[in-house]
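Student: Structure: work29.cif, mmCIF, C-alpha atoms.
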data_my_file
loop_
_atom_site.label_atom_id
_atom_site.label_comp_id
_atom_site.auth_asym_id
_atom_site.auth_seq_id
_atom_site.Cartn_x
_atom_site.Cartn_y
_atom_site.Cartn_z
CA MET G 17 -82.69 159.63 189.70
CA ILE G 18 -84.67 158.01 192.46
CA ASP G 19 -88.48 157.92 192.65
CA ILE G 20 -89.26 161.01 194.75
CA ASP G 21 -92.72 159.79 195.72
CA LEU G 22 -91.24 156.52 196.96
CA PHE G 23 -88.57 158.46 198.84
CA ARG G 24 -91.22 160.49 200.67
CA LYS G 25 -93.59 157.61 201.42
CA ASN G 26 -91.03 154.89 202.22
CA PRO G 27 -87.74 156.48 203.31
CA GLU G 28 -86.79 153.26 205.10
CA ILE G 29 -86.16 151.65 201.69
CA PHE G 30 -83.50 154.25 200.99
CA ARG G 31 -82.17 154.16 204.53
CA GLU G 32 -81.55 150.43 204.12
CA GLU G 33 -80.00 150.94 200.67
CA ILE G 34 -77.59 153.57 201.96
CA LYS G 35 -76.54 151.12 204.67
CA LYS G 36 -76.05 148.30 202.13
CA ARG G 37 -73.79 150.49 200.02
CA ASN G 38 -71.79 151.86 202.98
CA MET G 39 -72.67 155.42 201.99
CA LYS G 40 -73.11 158.43 204.24
CA ILE G 41 -76.27 160.38 203.41
CA ASN G 42 -78.44 162.11 206.00
CA ILE G 43 -81.90 161.05 204.85
CA ASP G 44 -83.75 162.75 207.73
CA GLU G 45 -82.09 166.07 206.91
CA ASP G 46 -83.06 165.70 203.22
CA LEU G 47 -86.65 164.84 204.11
CA GLU G 48 -86.87 167.93 206.32
CA PHE G 49 -85.36 170.03 203.56
CA ASP G 50 -87.90 168.66 201.08
CA ALA G 51 -90.79 169.44 203.46
CA ALA G 52 -89.59 173.04 203.85
CA ARG G 53 -89.15 173.33 200.09
CA ARG G 54 -92.65 172.05 199.40
CA LYS G 55 -94.06 174.48 201.97
CA LEU G 56 -92.30 177.30 200.12
CA ILE G 57 -93.74 176.04 196.82
CA SER G 58 -97.23 176.25 198.31
CA GLU G 59 -96.62 179.78 199.58
CA VAL G 60 -95.28 180.90 196.21
CA ASP G 61 -98.29 179.40 194.44
CA GLU G 62 -100.65 181.20 196.82
CA LEU G 63 -98.89 184.51 196.26
CA ARG G 64 -98.97 184.03 192.48
CA ALA G 65 -102.70 183.33 192.69
CA LEU G 66 -103.21 186.51 194.76
CA LYS G 67 -101.21 188.51 192.20
CA ASN G 68 -103.34 187.18 189.35
CA GLU G 69 -106.54 187.91 191.23
CA ASN G 70 -105.51 191.49 191.95
CA SER G 71 -104.42 191.98 188.34
CA LYS G 72 -107.90 191.01 187.15
CA LYS G 73 -109.49 193.52 189.54
CA MET G 74 -107.20 196.40 188.59
CA PRO G 75 -109.09 197.61 185.44
CA LYS G 76 -112.30 197.95 187.47
CA LEU G 77 -110.72 200.23 190.10
CA SER G 78 -110.39 203.96 189.95
CA GLY G 79 -108.97 206.85 191.95
CA SER G 80 -107.71 206.10 195.48
CA GLU G 81 -108.66 202.40 195.23
CA ARG G 82 -106.43 202.01 192.18
CA GLU G 83 -103.50 203.79 193.86
CA LEU G 84 -103.83 201.54 196.91
CA ALA G 85 -104.03 198.43 194.73
CA ILE G 86 -100.89 199.48 192.83
CA SER G 87 -99.05 199.95 196.12
CA GLU G 88 -100.16 196.48 197.28
CA MET G 89 -99.11 194.96 193.96
CA LYS G 90 -95.60 196.38 194.34
CA LYS G 91 -95.31 194.77 197.77
CA ILE G 92 -96.59 191.44 196.40
CA ASN G 93 -94.15 191.58 193.48
CA GLU G 94 -91.20 192.35 195.75
CA ARG G 95 -92.13 189.52 198.08
CA LEU G 96 -92.78 187.15 195.20
CA ASP G 97 -89.43 187.95 193.55
CA SER G 98 -87.63 187.22 196.81
CA MET G 99 -89.52 183.95 197.41
CA GLU G 100 -89.03 182.75 193.82
CA LYS G 101 -85.27 183.29 194.09
CA GLU G 102 -85.26 181.39 197.38
CA LEU G 103 -87.31 178.60 195.80
CA GLN G 104 -84.94 178.34 192.83
CA GLU G 105 -82.00 177.98 195.22
CA LYS G 106 -83.84 175.35 197.26
CA ASN G 107 -84.80 173.41 194.11
CA GLU G 108 -81.18 173.39 192.92
CA ASP G 109 -80.00 172.34 196.37
CA PHE G 110 -82.62 169.59 196.57
CA ASN G 111 -81.71 168.24 193.11
CA SER G 112 -78.05 168.21 194.14
CA ARG G 113 -78.96 166.21 197.25
CA LEU G 114 -81.04 163.70 195.25
CA ALA G 115 -78.24 163.28 192.73
CA ASN G 116 -76.16 161.59 195.43
CA TYR G 117 -78.72 158.85 196.04
CA PRO G 118 -78.06 155.44 194.47
CA ASN G 119 -80.49 153.13 192.72
CA ILE G 120 -82.26 150.47 194.76
CA SER G 121 -80.20 147.29 194.46
CA HIS G 122 -81.84 144.07 193.34
CA LYS G 123 -82.56 141.46 195.99
CA THR G 124 -80.02 139.09 194.36
CA ALA G 125 -77.14 141.57 194.69
CA PRO G 126 -75.00 140.36 197.60
CA VAL G 127 -74.55 142.81 200.46
CA GLY G 128 -70.89 143.65 200.99
CA ARG G 129 -68.36 146.37 201.59
CA ASP G 130 -65.91 146.11 198.67
CA GLU G 131 -64.47 143.88 195.93
CA ASN G 132 -63.57 141.23 198.50
CA ASP G 133 -67.29 140.53 198.99
CA ASN G 134 -68.08 139.93 195.31
CA VAL G 135 -69.43 136.41 194.73
CA PRO G 136 -68.16 134.11 191.94
CA ILE G 137 -71.24 132.36 190.55
CA PHE G 138 -69.94 130.62 187.43
CA PHE G 139 -66.69 129.38 185.88
CA TYR G 140 -66.17 128.54 182.21
CA GLY G 141 -63.38 126.37 180.86
CA ASN G 142 -60.08 125.50 182.49
CA LYS G 143 -56.94 127.45 183.17
CA PRO G 144 -54.49 126.97 180.30
CA GLU G 145 -51.36 124.96 181.07
CA PHE G 146 -47.93 125.79 179.67
CA ASP G 147 -44.75 123.70 179.60
CA PHE G 148 -42.51 126.74 179.19
CA GLU G 149 -41.87 129.98 181.04
CA ILE G 150 -44.71 132.32 180.11
CA LYS G 151 -44.52 136.07 179.50
CA ASN G 152 -46.94 138.83 180.35
CA HIS G 153 -48.55 140.97 177.68
CA ILE G 154 -45.99 143.77 178.02
CA GLU G 155 -43.06 141.44 177.39
CA LEU G 156 -44.85 139.82 174.46
CA GLY G 157 -45.96 143.14 173.01
CA LYS G 158 -42.50 144.66 173.07
CA SER G 159 -40.65 141.58 171.81
CA LEU G 160 -43.09 141.23 168.90
CA ASP G 161 -43.12 144.98 168.15
CA ILE G 162 -46.89 145.32 168.51
CA LEU G 163 -46.93 147.50 171.64
CA ASP G 164 -44.97 150.61 172.56
CA ASP G 165 -45.83 152.20 175.90
CA GLU G 166 -42.52 154.06 176.10
CA LYS G 167 -43.31 156.16 173.04
CA GLY G 168 -46.85 156.55 174.34
CA ALA G 169 -45.48 158.04 177.55
CA GLN G 170 -43.04 160.22 175.62
CA VAL G 171 -45.76 161.68 173.39
CA SER G 172 -48.76 161.79 175.75
CA GLY G 173 -47.66 160.82 179.26
CA ALA G 174 -48.11 157.77 181.46
CA ARG G 175 -50.89 155.29 180.62
CA PHE G 176 -50.91 155.93 176.88
CA VAL G 177 -49.73 153.35 174.34
CA TYR G 178 -49.13 152.80 170.65
CA LEU G 179 -50.59 149.65 169.08
CA LYS G 180 -48.51 148.59 166.09
CA ASN G 181 -48.32 146.17 163.17
CA GLU G 182 -50.36 142.97 163.62
CA ALA G 183 -51.99 144.34 166.77
CA VAL G 184 -53.83 146.86 164.61
CA PHE G 185 -55.25 144.09 162.42
CA LEU G 186 -56.10 142.15 165.59
CA GLU G 187 -58.06 145.10 167.02
CA PHE G 188 -60.18 145.44 163.90
CA ALA G 189 -60.62 141.66 163.72
CA LEU G 190 -62.04 141.77 167.25
CA ILE G 191 -64.35 144.62 166.32
CA ASN G 192 -65.68 142.79 163.26
CA TYR G 193 -66.08 139.51 165.14
CA VAL G 194 -68.06 141.17 167.95
CA LEU G 195 -70.20 143.34 165.66
CA ASN G 196 -71.21 140.32 163.59
CA ILE G 197 -72.44 138.51 166.70
CA LEU G 198 -74.33 141.55 167.98
CA TYR G 199 -75.90 142.37 164.62
CA SER G 200 -77.20 138.80 164.36
CA LYS G 201 -78.90 139.29 167.75
CA GLY G 202 -80.75 142.44 166.75
CA PHE G 203 -78.37 145.12 168.02
CA SER G 204 -78.25 148.23 165.83
CA PRO G 205 -74.62 149.32 165.36
CA VAL G 206 -73.80 152.94 166.21
CA ILE G 207 -70.69 155.11 166.17
CA PRO G 208 -71.70 157.86 168.64
CA PRO G 209 -70.08 161.19 169.49
CA VAL G 210 -67.45 160.95 172.21
CA LEU G 211 -67.89 164.55 173.38
CA VAL G 212 -71.14 165.09 175.28
CA LYS G 213 -72.90 167.75 177.31
CA GLU G 214 -73.11 167.66 181.08
CA ARG G 215 -76.72 166.47 180.96
CA ALA G 216 -75.64 163.25 179.25
CA MET G 217 -73.02 162.56 181.93
CA TYR G 218 -75.42 163.44 184.73
CA GLY G 219 -78.31 161.57 183.15
CA THR G 220 -76.40 158.32 182.96
CA GLY G 221 -75.22 158.65 186.56
CA PHE G 222 -71.52 159.34 186.00
CA LEU G 223 -71.95 162.81 187.48
CA PRO G 224 -71.60 163.77 190.22
CA ALA G 225 -70.50 160.40 191.62
CA GLU G 226 -67.43 159.93 189.36
CA LYS G 227 -66.69 163.50 188.35
CA ASN G 228 -62.97 163.15 189.00
CA GLN G 229 -62.67 160.27 186.50
CA TYR G 230 -63.60 162.16 183.33
CA TYR G 231 -61.91 164.74 181.14
CA LYS G 232 -63.76 168.00 180.60
CA ILE G 233 -63.20 170.48 177.78
CA GLU G 234 -63.79 173.61 179.87
CA SER G 235 -63.98 176.08 176.97
CA ASP G 236 -66.83 174.15 175.35
CA GLU G 237 -68.54 172.69 178.43
CA LEU G 238 -68.19 169.18 176.99
CA TYR G 239 -66.99 165.90 178.49
CA LEU G 240 -65.00 163.10 176.86
CA VAL G 241 -66.93 159.90 177.48
CA GLY G 242 -65.50 156.94 179.36
CA THR G 243 -67.94 154.57 177.65
CA ALA G 244 -70.38 154.60 174.73
CA GLU G 245 -73.08 153.92 177.34
CA VAL G 246 -73.33 157.69 177.82
CA PRO G 247 -74.25 158.74 174.25
CA LEU G 248 -76.24 155.54 173.62
CA CYS G 249 -78.49 156.10 176.63
CA SER G 250 -78.78 159.83 175.96
CA TYR G 251 -79.81 159.18 172.35
CA HIS G 252 -83.42 158.76 173.57
CA ALA G 253 -83.45 161.57 176.15
CA ASP G 254 -86.95 163.09 176.37
CA ASP G 255 -88.30 160.47 173.94
CA ILE G 256 -91.45 158.40 174.36
CA LEU G 257 -90.88 154.97 172.84
CA GLU G 258 -93.65 152.74 171.59
CA MET G 259 -94.16 149.70 173.81
CA ASN G 260 -94.14 147.33 170.83
CA SER G 261 -90.69 148.60 169.78
CA LEU G 262 -89.12 147.42 173.05
CA PRO G 263 -86.58 146.12 173.69
CA VAL G 264 -84.51 148.58 171.64
CA LYS G 265 -80.94 147.29 171.34
CA TYR G 266 -77.85 149.26 170.33
CA CYS G 267 -74.17 148.42 170.15
CA GLY G 268 -71.81 151.38 170.06
CA PHE G 269 -68.13 151.50 169.12
CA SER G 270 -66.15 154.40 170.54
CA THR G 271 -62.79 155.53 171.73
CA CYS G 272 -63.10 156.11 175.49
CA PHE G 273 -61.21 158.32 177.92
CA ARG G 274 -60.75 157.97 181.67
CA ARG G 275 -58.47 159.78 184.07
CA GLU G 276 -58.07 156.67 186.29
CA ALA G 277 -57.84 159.00 189.27
CA GLY G 278 -56.77 157.18 192.40
CA SER G 279 -55.29 154.24 190.51
CA TYR G 280 -51.72 155.41 190.16
CA GLY G 281 -49.32 152.68 191.23
CA LYS G 282 -51.76 150.00 190.03
CA ASP G 283 -51.25 148.08 186.79
CA MET G 284 -48.63 150.52 185.54
CA GLY G 285 -47.28 149.75 182.08
CA GLY G 286 -48.92 148.06 179.15
CA MET G 287 -52.57 148.27 178.21
CA PHE G 288 -54.59 147.29 181.25
CA ARG G 289 -55.51 150.62 182.82
CA VAL G 290 -54.87 153.31 180.23
CA HIS G 291 -56.38 156.75 179.72
CA GLN G 292 -57.50 156.09 176.13
CA PHE G 293 -58.98 152.84 174.83
CA ASP G 294 -61.46 151.48 172.30
CA LYS G 295 -64.59 149.62 173.30
CA ILE G 296 -67.84 148.18 171.97
CA GLU G 297 -70.75 148.65 174.34
CA MET G 298 -74.17 146.96 174.32
CA PHE G 299 -77.19 148.93 175.45
CA ILE G 300 -80.86 147.94 175.85
CA PHE G 301 -84.02 149.96 176.51
CA SER G 302 -86.54 147.54 178.03
CA ARG G 303 -90.08 147.33 179.37
CA PRO G 304 -89.97 147.09 183.19
CA GLU G 305 -91.77 143.72 183.25
CA ASN G 306 -89.16 142.25 180.87
CA SER G 307 -86.19 143.98 182.41
CA TRP G 308 -84.54 141.05 184.15
CA ASP G 309 -85.06 138.63 181.26
CA ASP G 310 -83.47 141.17 178.91
CA TYR G 311 -80.63 141.60 181.38
CA GLU G 312 -79.87 137.89 181.41
CA PHE G 313 -79.93 137.95 177.58
CA LEU G 314 -77.30 140.68 177.77
CA ARG G 315 -75.09 138.56 180.04
CA GLU G 316 -75.55 135.50 177.82
CA THR G 317 -74.51 137.53 174.77
CA LEU G 318 -71.42 138.75 176.60
CA GLU G 319 -70.46 135.19 177.50
CA GLU G 320 -70.98 133.98 173.94
CA ILE G 321 -68.42 136.52 172.73
CA PHE G 322 -65.75 135.41 175.18
CA ARG G 323 -66.47 131.71 174.86
CA GLY G 324 -65.84 132.07 171.16
CA LEU G 325 -62.41 133.49 171.98
CA GLY G 326 -61.66 130.41 174.09
CA PHE G 327 -60.90 132.15 177.38
CA HIS G 328 -61.22 130.60 180.81
CA TYR G 329 -63.30 133.08 182.79
CA ARG G 330 -65.54 133.52 185.79
CA ILE G 331 -68.70 135.55 186.37
CA LEU G 332 -68.91 137.60 189.56
CA ASN G 333 -72.13 138.84 191.14
CA MET G 334 -70.96 142.22 192.39
CA CYS G 335 -71.77 143.24 195.95
CA THR G 336 -73.61 146.41 196.96
CA GLY G 337 -70.38 148.08 198.06
CA ASP G 338 -68.74 147.59 194.66
CA ILE G 339 -71.47 148.57 192.18
CA GLY G 340 -72.05 152.02 190.74
CA SER G 341 -74.76 154.37 191.97
CA PRO G 342 -76.99 153.78 188.91
CA ASN G 343 -76.71 149.97 189.15
CA ALA G 344 -79.40 147.75 190.61
CA LYS G 345 -77.28 144.72 189.78
CA LYS G 346 -73.94 144.15 188.12
CA TYR G 347 -72.01 141.17 186.78
CA ASP G 348 -68.30 141.28 186.02
CA LEU G 349 -66.65 138.87 183.62
CA GLU G 350 -63.07 138.18 184.69
CA ALA G 351 -60.77 136.23 182.38
CA TRP G 352 -57.74 134.28 183.53
CA LEU G 353 -54.53 136.08 182.50
CA PRO G 354 -51.63 133.61 182.72
CA GLY G 355 -48.98 136.34 182.58
CA GLN G 356 -50.42 137.89 185.72
CA GLY G 357 -51.51 134.64 187.32
CA ALA G 358 -54.84 136.21 188.17
CA TYR G 359 -58.41 136.80 187.05
CA ARG G 360 -58.86 140.32 185.69
CA GLU G 361 -61.99 142.18 184.66
CA LEU G 362 -62.65 142.23 180.92
CA ALA G 363 -66.30 143.29 180.98
CA SER G 364 -69.12 144.57 183.19
CA CYS G 365 -72.84 144.03 182.71
CA SER G 366 -75.32 146.24 184.61
CA ASN G 367 -79.07 146.71 184.97
CA ASP G 368 -79.89 150.28 185.99
CA THR G 369 -83.71 149.77 186.02
CA ASP G 370 -85.42 153.21 185.76
CA TYR G 371 -82.59 155.25 187.36
CA GLN G 372 -81.12 156.65 184.13
CA ALA G 373 -84.52 156.91 182.45
CA ARG G 374 -85.78 159.20 185.22
CA ARG G 375 -82.76 161.47 184.88
CA LEU G 376 -83.05 161.65 181.10
CA ASN G 377 -86.85 161.52 180.92
CA ILE G 378 -87.04 158.42 178.71
CA LYS G 379 -90.49 156.84 178.72
CA TYR G 380 -92.57 154.35 176.78
CA LYS G 381 -96.26 154.41 175.92
CA ASP G 382 -98.44 151.32 176.21
CA ASN G 383 -101.46 150.43 174.08
CA ASP G 384 -103.74 152.47 176.37
CA ASN G 385 -101.50 155.55 176.00
CA ASN G 386 -100.25 155.21 179.59
CA LYS G 387 -96.66 156.37 180.01
CA ASP G 388 -93.95 155.01 182.28
CA PHE G 389 -90.17 155.05 182.46
CA VAL G 390 -88.22 152.45 180.51
CA HIS G 391 -85.51 150.33 182.10
CA THR G 392 -81.96 150.64 180.81
CA MET G 393 -79.11 148.16 180.90
CA ASN G 394 -75.63 148.00 179.45
CA SER G 395 -72.70 145.67 179.06
CA THR G 396 -69.21 145.77 177.68
CA ALA G 397 -69.14 143.69 174.51
CA CYS G 398 -65.41 144.10 174.02
CA ALA G 399 -62.91 146.36 175.76
CA VAL G 400 -60.32 146.01 173.02
CA GLY G 401 -57.14 146.62 175.00
CA ARG G 402 -57.99 144.22 177.81
CA THR G 403 -59.16 141.59 175.35
CA LEU G 404 -55.87 141.91 173.45
CA ILE G 405 -54.04 141.32 176.74
CA ALA G 406 -56.03 138.10 177.25
CA ILE G 407 -55.25 136.95 173.69
CA TYR G 408 -51.54 137.70 174.00
CA GLU G 409 -51.15 135.84 177.28
CA ASN G 410 -53.46 132.88 176.57
CA TYR G 411 -52.32 132.26 172.98
CA GLN G 412 -48.55 132.58 173.41
CA ASP G 413 -46.25 129.70 172.47
CA SER G 414 -42.84 128.50 173.59
CA LYS G 415 -41.11 130.67 170.95
CA GLY G 416 -42.71 133.85 172.22
CA ASN G 417 -45.17 134.05 169.35
CA ILE G 418 -48.92 134.66 169.59
CA ARG G 419 -51.40 132.46 167.74
CA ILE G 420 -54.55 134.12 166.43
CA PRO G 421 -57.80 132.68 167.89
CA GLU G 422 -59.62 130.68 165.25
CA VAL G 423 -62.76 132.87 165.27
CA LEU G 424 -60.65 135.90 164.33
CA LEU G 425 -58.76 134.33 161.41
CA PRO G 426 -61.35 135.34 158.78
CA TYR G 427 -60.66 139.01 159.62
CA MET G 428 -56.84 138.90 159.81
CA ASN G 429 -55.71 139.31 156.17
CA GLY G 430 -54.10 135.89 156.23
CA ILE G 431 -52.15 136.46 159.46
CA GLU G 432 -52.33 133.30 161.59
CA ILE G 433 -49.53 133.97 164.03
CA ILE G 434 -47.71 137.02 165.32
CA SER G 435 -44.00 136.28 165.37
CA ALA G 436 -40.83 138.24 165.99
CA LYS G 437 -39.77 140.47 163.12
CA LYS G 438 -36.65 139.45 161.23
CA LYS G 439 -33.97 142.11 161.36
#
Here is a file; write its structure as structure tokens.

Tutor:
Amino acid sequence: MIDIDLFRKNPEIFREEIKKRNMKINIDEDLEFDAARRKLISEVDELRALKNENSKKMPKLSGSERELAISEMKKINERLDSMEKELQEKNEDFNSRLANYPNISHKTAPVGRDENDNVPIFFYGNKPEFDFEIKNHIELGKSLDILDDEKGAQVSGARFVYLKNEAVFLEFALINYVLNILYSKGFSPVIPPVLVKERAMYGTGFLPAEKNQYYKIESDELYLVGTAEVPLCSYHADDILEMNSLPVKYCGFSTCFRREAGSYGKDMGGMFRVHQFDKIEMFIFSRPENSWDDYEFLRETLEEIFRGLGFHYRILNMCTGDIGSPNAKKYDLEAWLPGQGAYRELASCSNDTDYQARRLNIKYKDNDNNKDFVHTMNSTACAVGRTLIAIYENYQDSKGNIRIPEVLLPYMNGIEIISAKKK
């Protein structure tokens, strides 16, 4: 949610932001609507005050005066009922309008139209070299009997997969490896619910902007989450945190669900863009003055995880046309996938400043008992399926086997290499 006072006093800030993000919002129309709404609020308040005043006088009246006062009260009540209904409609309409406004992007976010304007700012490691014909993760997964997307499609439809055999151990090895790093850095581990109310989806900014991307259980008015960010952020809805407790850091493991609407024909097959996947998410509640330092800590933690896995990757500073509405700034980590011959996104890291906190009413209290909104930020720690793809393709050998990265060996039950099954 945007700062309404700032919107009224400095609409040019939002006008410029809308332009940066290539959005179409009629700010002048919304300002006029707000002015009319506030005028109606004033009129309703005046009428309520008149009603209260007349109610206090009523016991002192008698005879014809009382009859006249009762008649006037009926007229006031009828008018007030009508105006209150109109005000409720205008408030709902105004909130719907505000819900479409994005956060104010940080000055270091590059201005651009789409993914082509994202700016690579850092590269780690070198592209792996192979002296044999390499395979992609689908070929490796099927030949090693650790991936079955055909049965996934048969049972559930396109973009569902079965992970099998050593891949299951590898998933849990990744989870343990990542959780150990995060726990050592002060993140509290959480397994949150994956079904949430509409307020949680709206409060984190996924509604209404991305409504078509998420599954809804209509009979229960619940949504399946596309990331643990939603229940982690909503955990402190309506809370007032103590200043000295900040930053509060959580890491949440969850199964996630996304419809991937609009992506059909892209990345079909395998595990890259599926409807169901497992993920560990990092989330931080921060004091505003420490927000950007905490955000860089989040990015550094993300990089530590993937450096440990030995991937060659790059960090992108995402442009204003390719970040989400809640984001003030966003980094993407893209690893090199040899089987695709391309960099592909494995993780995103976003600072949403006070946007989500305003929607969910999450504040902190300083030592003088002053209250203000916290800043929230989140980052993928490990999207398991995409990370498995990177392991398969980067750690394959000339025999079509997959070596296990050294940092995962302690969690693999003695498995050091995934090789073809003997028949």

Student: Neighbours of stretch 227-240 of chain G within 7 Å (all atoms listed in the file; same-chain residues fewer than 5 positions away dropped), as a list of chain:residue names?

Tutor: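 Contacts, in chain order: G:Val210, G:Leu211, G:Val212, G:Lys213, G:Glu214, G:Phe222, G:Phe273, G:Arg274, G:Arg275, G:Glu276, G:Ala277.
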
Student: Could you tell me how far atom CA of G:Phe30 lies from atom CA of G:Leu47, in Å and to one decimal?

Tutor: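 These two atoms are separated by 11.5 Å.
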
Student: So how many Å separate atom CA of G:Cys398 and atom CA of G:Leu257, to one decimal?

Tutor: 27.7 Å

Student: I'd like to know which of G:Leu349, G:Ala244, G:Leu163, G:Ala358 is closest to G:Asn333, using only C-alpha atoms.

Tutor: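 Of G:Leu349, G:Ala244, G:Leu163, G:Ala358, the one nearest G:Asn333, counting only C-alpha atoms, is G:Leu349.
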
Student: Report, in Å with one decimal, the straight-line distance from atom CA of G:Ile433 to atom CA of G:Gly141.

Tutor: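 Taking atom CA of G:Ile433 as the start and atom CA of G:Gly141 as the end point, the length is 23.1 Å.
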
Student: At a cut-off of 10 Å, using only C-alpha atoms, what residues contact G:Glu258? Leave out same-chain residues fewer than 4 positions from it and give the result as a list in words.

Tutor: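 In the requested format, the answer is Leu262, Pro263, Lys379, Tyr380, Lys381, Asp382, Asn383, Asn385 and Lys387 of chain G.
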
Student: Taking the file as I've supplied it (selection: the PyMOL selection byres ((chain G and resi 46) around 12)), which residues are included? Please answer as a PyMOL selection string.

Tutor: chain G and resi 20+23-24+27+30-31+41-45+47-53+106+109-117

Student: Please determine, counting only C-alpha atoms, which residue among G:Asp130, G:Glu226, G:Glu409, G:Glu62 has the shortest atom-to-atom distance to G:Lys143.

Tutor: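 Answer, going by the shortest atom-to-atom distance: G:Glu409.
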
Student: Please expand the PyMOL selection byres ((chain G and resi 293) around 7) into the concrete residues it hits in this file, giving the result as a list in words.

Tutor: Thr271, Cys272, Phe273, Val290, His291, Gln292, Asp294, Lys295 and Gly401 of chain G

Student: So which residues touch G:Asp165 within 9 Å, counting all atoms listed in the file, skipping near sequence neighbours fewer than 6 positions away, as a list in words?

Tutor: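 Neighbouring residues, sequence-local ones excluded: Ile154, Lys158, Ala174, Arg175, Phe176, Val177, Tyr178, Leu179, Gly285, Gly286 and Met287 of chain G.
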
Student: Counting all atoms listed in the file, which of G:Gly324, G:Gly355, G:Gly278, G:Gly340 gets nearest to G:Leu424?

Tutor: G:Gly324

Student: Given the PyMOL selection byres ((chain G and resi 420) around 10) and the file above, list the residues it selects as a list in words.

Tutor: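 On this input, the PyMOL selection byres ((chain G and resi 420) around 10) captures Leu186, Leu325, Ile407, Tyr408, Tyr411, Gln412, Asn417, Ile418, Arg419, Pro421, Glu422, Val423, Leu424, Leu425, Met428, Ile431, Glu432, Ile433 and Ile434 of chain G.
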
Student: Ranking G:Arg402, G:Arg330, G:Lys101, G:Arg82 by minimum distance to G:Val60 and counting all atoms listed in the file, which one comes first?

Tutor: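 Of the candidates, the smallest distance to G:Val60 is held by G:Lys101.
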
Student: With 6 Å added on each side, what axis-aligned box encloses every listed atom of stretch 64-78 of chain G? Give the centre and edge lengths in Å to one decimal, as AutoDock Vina command-line options.

Tutor:
--center_x -105.6 --center_y 193.6 --center_z 190.1 --size_x 25.3 --size_y 32.6 --size_z 21.3
